[in-house]
Amino acid sequence: MASDQALLPDGEARDTAEEITVQTGQNLRRIRTRRGYSLDRLAKIAGVSRAMLGQIETGKSSPTLSILSKIALALGIPCAALIAERGETSIITVPRARSKILASSEGRFRTRALFPFEGERKVEFYELRIAPHHTESADAHQHGTVENLVVAQGTVEIIAGKQAPHILGEGDAIIFDADVPHIYRNMTGTEAILYLVTTYLEDVRV
């Protein structure tokens with residue numbers, strides 16, 4: 001970084017260095033939290049002190065190339081990802097014709113992903129369609145998973161674990177822990193349509 005700065009006027013070099021320092025800190029925090037690492041955990045893996053990581057994230061310290069390389073290796077990313085400027089907010093469309101649709105019970109229970117499958121995420125969004133009078137049983141998801149459902153059409157019974165059944169009509173919503181076996185049952189003679197947001201536990205390792 002020093003050789004690059006020498007090519008610029010003093011004031012401009014100083015401003016550029018400060019911008020890179022701030023950008024690096026923002027990128028590090030964003031990537032670290034997405035990976036689910038605490039500062040302590042990343043410090044142990046990277047071999048960089050927790051204090052140094054904290055100073056980098058808050059823009060108080062500019063890492064050397066050696067430290068940057070250690071952090072990037074621990075996070076499984078190229079060094080450039082830590083100093084790159086973030087582009088404009090992306091917009092992704094999910095055309096119905098190209099949606100990912102998963103079916104079970106011979107098509108009587110269908111889920112359509114309303115999000116792109118690329119990349120890791122802690123939240124997923126689905127459209128559910130349940131055939132008339134069909135009951136669908138789902139296995140327990142990983143620990144800490146939460147489901148938030150809203151009924152757009154029909155009347156549906158939801159049973160989560162050993163909890164009492166809940167009957168939902170159009171416009172009704174429910175949120176429940178989905179790390180236990182659960183059941184969706186269409187109580188009507190027409191197709192039921194629901195929208196589901198699944199949130200997975202932020203697994204912050206210590």
# chains A, B, ... in the order shown; residues from 1 in each chain; ligands from 1
>>> residues_around(residues="A:Thr135", least_positions_apart="3", cutoff="8 Å", atoms="only C-alpha atoms", output="PyMOL selection string")
chain A and resi 183-186
>>> residues_around(residues="A:Glu127", least_positions_apart="4", cutoff="7 Å", atoms="only C-alpha atoms", output="list in words")
Thr111, Arg112, Ala113, Leu114, Leu194, Tyr195 and Leu196 of chain A
>>> select_by_dssp(residues="chain A", states="alpha helix (DSSP H)", output="ChimeraX atom specification")
/A:2-6,10-35,39-46,50-57,65-75,80-83
>>> atom_distance(atom1="atom CA of A:His134", atom2="atom CA of A:Asp177")
22.2 Å
>>> select_by_dssp(residues="stretch 22-168 of chain A", states="strand (DSSP E)", output="ChimeraX atom specification")
/A:101-104,109-113,123-130,135-138,146-153,156-160,166-168
>>> residues_around(residues="A:Thr190", least_positions_apart="3", cutoff="10 Å", atoms="only C-alpha atoms", output="PDB file with C-alpha atoms, in the first residue's frame")
ATOM      1  CA  ILE A 130     -51.214 -27.869  -0.352  1.00  0.00           C
ATOM      2  CA  ALA A 131     -53.738 -30.046  -2.175  1.00  0.00           C
ATOM      3  CA  PRO A 132     -57.317 -30.356  -0.820  1.00  0.00           C
ATOM      4  CA  HIS A 133     -57.485 -32.268   2.483  1.00  0.00           C
ATOM      5  CA  GLN A 153     -55.850 -18.940   0.628  1.00  0.00           C
ATOM      6  CA  GLY A 154     -57.754 -21.667   2.471  1.00  0.00           C
ATOM      7  CA  THR A 155     -57.817 -22.956   6.036  1.00  0.00           C
ATOM      8  CA  ASN A 186     -55.253 -28.373   4.424  1.00  0.00           C
ATOM      9  CA  MET A 187     -58.705 -28.517   5.983  1.00  0.00           C
ATOM     10  CA  ILE A 193     -51.688 -21.338  -0.488  1.00  0.00           C
TER      11      ILE A 193
END
>>> residues_around(residues="A:Lys44", least_positions_apart="2", cutoff="12 Å", atoms="only C-alpha atoms", output="count of residues only")
19
>>> closest_residue(among="A:Ala97, A:Ile92, A:Leu65, A:Leu28", to="A:Ile77", atoms="only C-alpha atoms")
A:Leu28
>>> atom_distance(atom1="atom CA of A:Thr24", atom2="atom CA of A:Gly54")
11.8 Å
>>> residues_around(residues="stretch 148-150 of chain A", least_positions_apart="5", cutoff="9 Å", atoms="only C-alpha atoms", output="list in words")
Leu168, Gly169, Glu170, Gly171, Asp172, Ala173, Ile174, Ile175, Phe176, Ile193, Leu194, Tyr195, Leu196, Val197, Thr198 and Thr199 of chain A
>>> write_last_selection(atoms="N, CA and C atoms", output="CSV table (one decimal), in the first residue's frame")
chain,number,residue,atom,x,y,z
A,168,LEU,N,-55.6,-21.9,11.1
A,168,LEU,CA,-55.4,-20.6,10.5
A,168,LEU,C,-56.2,-20.4,9.3
A,169,GLY,N,-56.9,-19.3,9.2
A,169,GLY,CA,-57.7,-18.9,8.0
A,169,GLY,C,-56.9,-17.9,7.2
A,170,GLU,N,-57.6,-17.5,6.1
A,170,GLU,CA,-56.9,-16.5,5.2
A,170,GLU,C,-56.5,-15.3,5.9
A,171,GLY,N,-55.2,-14.9,5.8
A,171,GLY,CA,-54.7,-13.7,6.4
A,171,GLY,C,-54.1,-13.9,7.8
A,172,ASP,N,-54.3,-15.1,8.4
A,172,ASP,CA,-53.8,-15.5,9.7
A,172,ASP,C,-52.3,-15.9,9.5
A,173,ALA,N,-51.5,-15.6,10.5
A,173,ALA,CA,-50.1,-15.9,10.5
A,173,ALA,C,-49.7,-16.6,11.8
A,174,ILE,N,-48.6,-17.3,11.7
A,174,ILE,CA,-48.1,-18.1,12.9
A,174,ILE,C,-46.6,-18.1,12.8
A,175,ILE,N,-45.9,-18.1,13.9
A,175,ILE,CA,-44.5,-18.3,14.0
A,175,ILE,C,-44.2,-19.4,15.0
A,176,PHE,N,-43.3,-20.3,14.7
A,176,PHE,CA,-43.1,-21.4,15.6
A,176,PHE,C,-41.7,-22.0,15.4
A,193,ILE,N,-52.9,-22.0,-0.1
A,193,ILE,CA,-51.7,-21.3,-0.5
A,193,ILE,C,-51.2,-20.6,0.7
A,194,LEU,N,-49.9,-20.8,1.0
A,194,LEU,CA,-49.3,-20.2,2.2
A,194,LEU,C,-48.0,-19.6,1.8
A,195,TYR,N,-47.5,-18.6,2.5
A,195,TYR,CA,-46.2,-18.0,2.3
A,195,TYR,C,-45.3,-18.2,3.6
A,196,LEU,N,-44.1,-18.7,3.4
A,196,LEU,CA,-43.3,-19.2,4.5
A,196,LEU,C,-42.0,-18.4,4.5
A,197,VAL,N,-41.6,-17.9,5.6
A,197,VAL,CA,-40.3,-17.4,5.8
A,197,VAL,C,-39.6,-18.3,6.9
A,198,THR,N,-38.5,-18.9,6.5
A,198,THR,CA,-37.7,-19.8,7.4
A,198,THR,C,-36.4,-19.0,7.8
A,199,THR,N,-36.2,-18.9,9.1
A,199,THR,CA,-35.0,-18.3,9.6
A,199,THR,C,-34.2,-19.3,10.3
>>> atom_distance(atom1="atom CA of A:Arg108", atom2="atom CA of A:Val123")
24.8 Å
>>> residues_around(residues="A:Ala140", least_positions_apart="6", cutoff="8 Å", atoms="only C-alpha atoms", output="VMD selection string")
chain A and resid 178 to 182
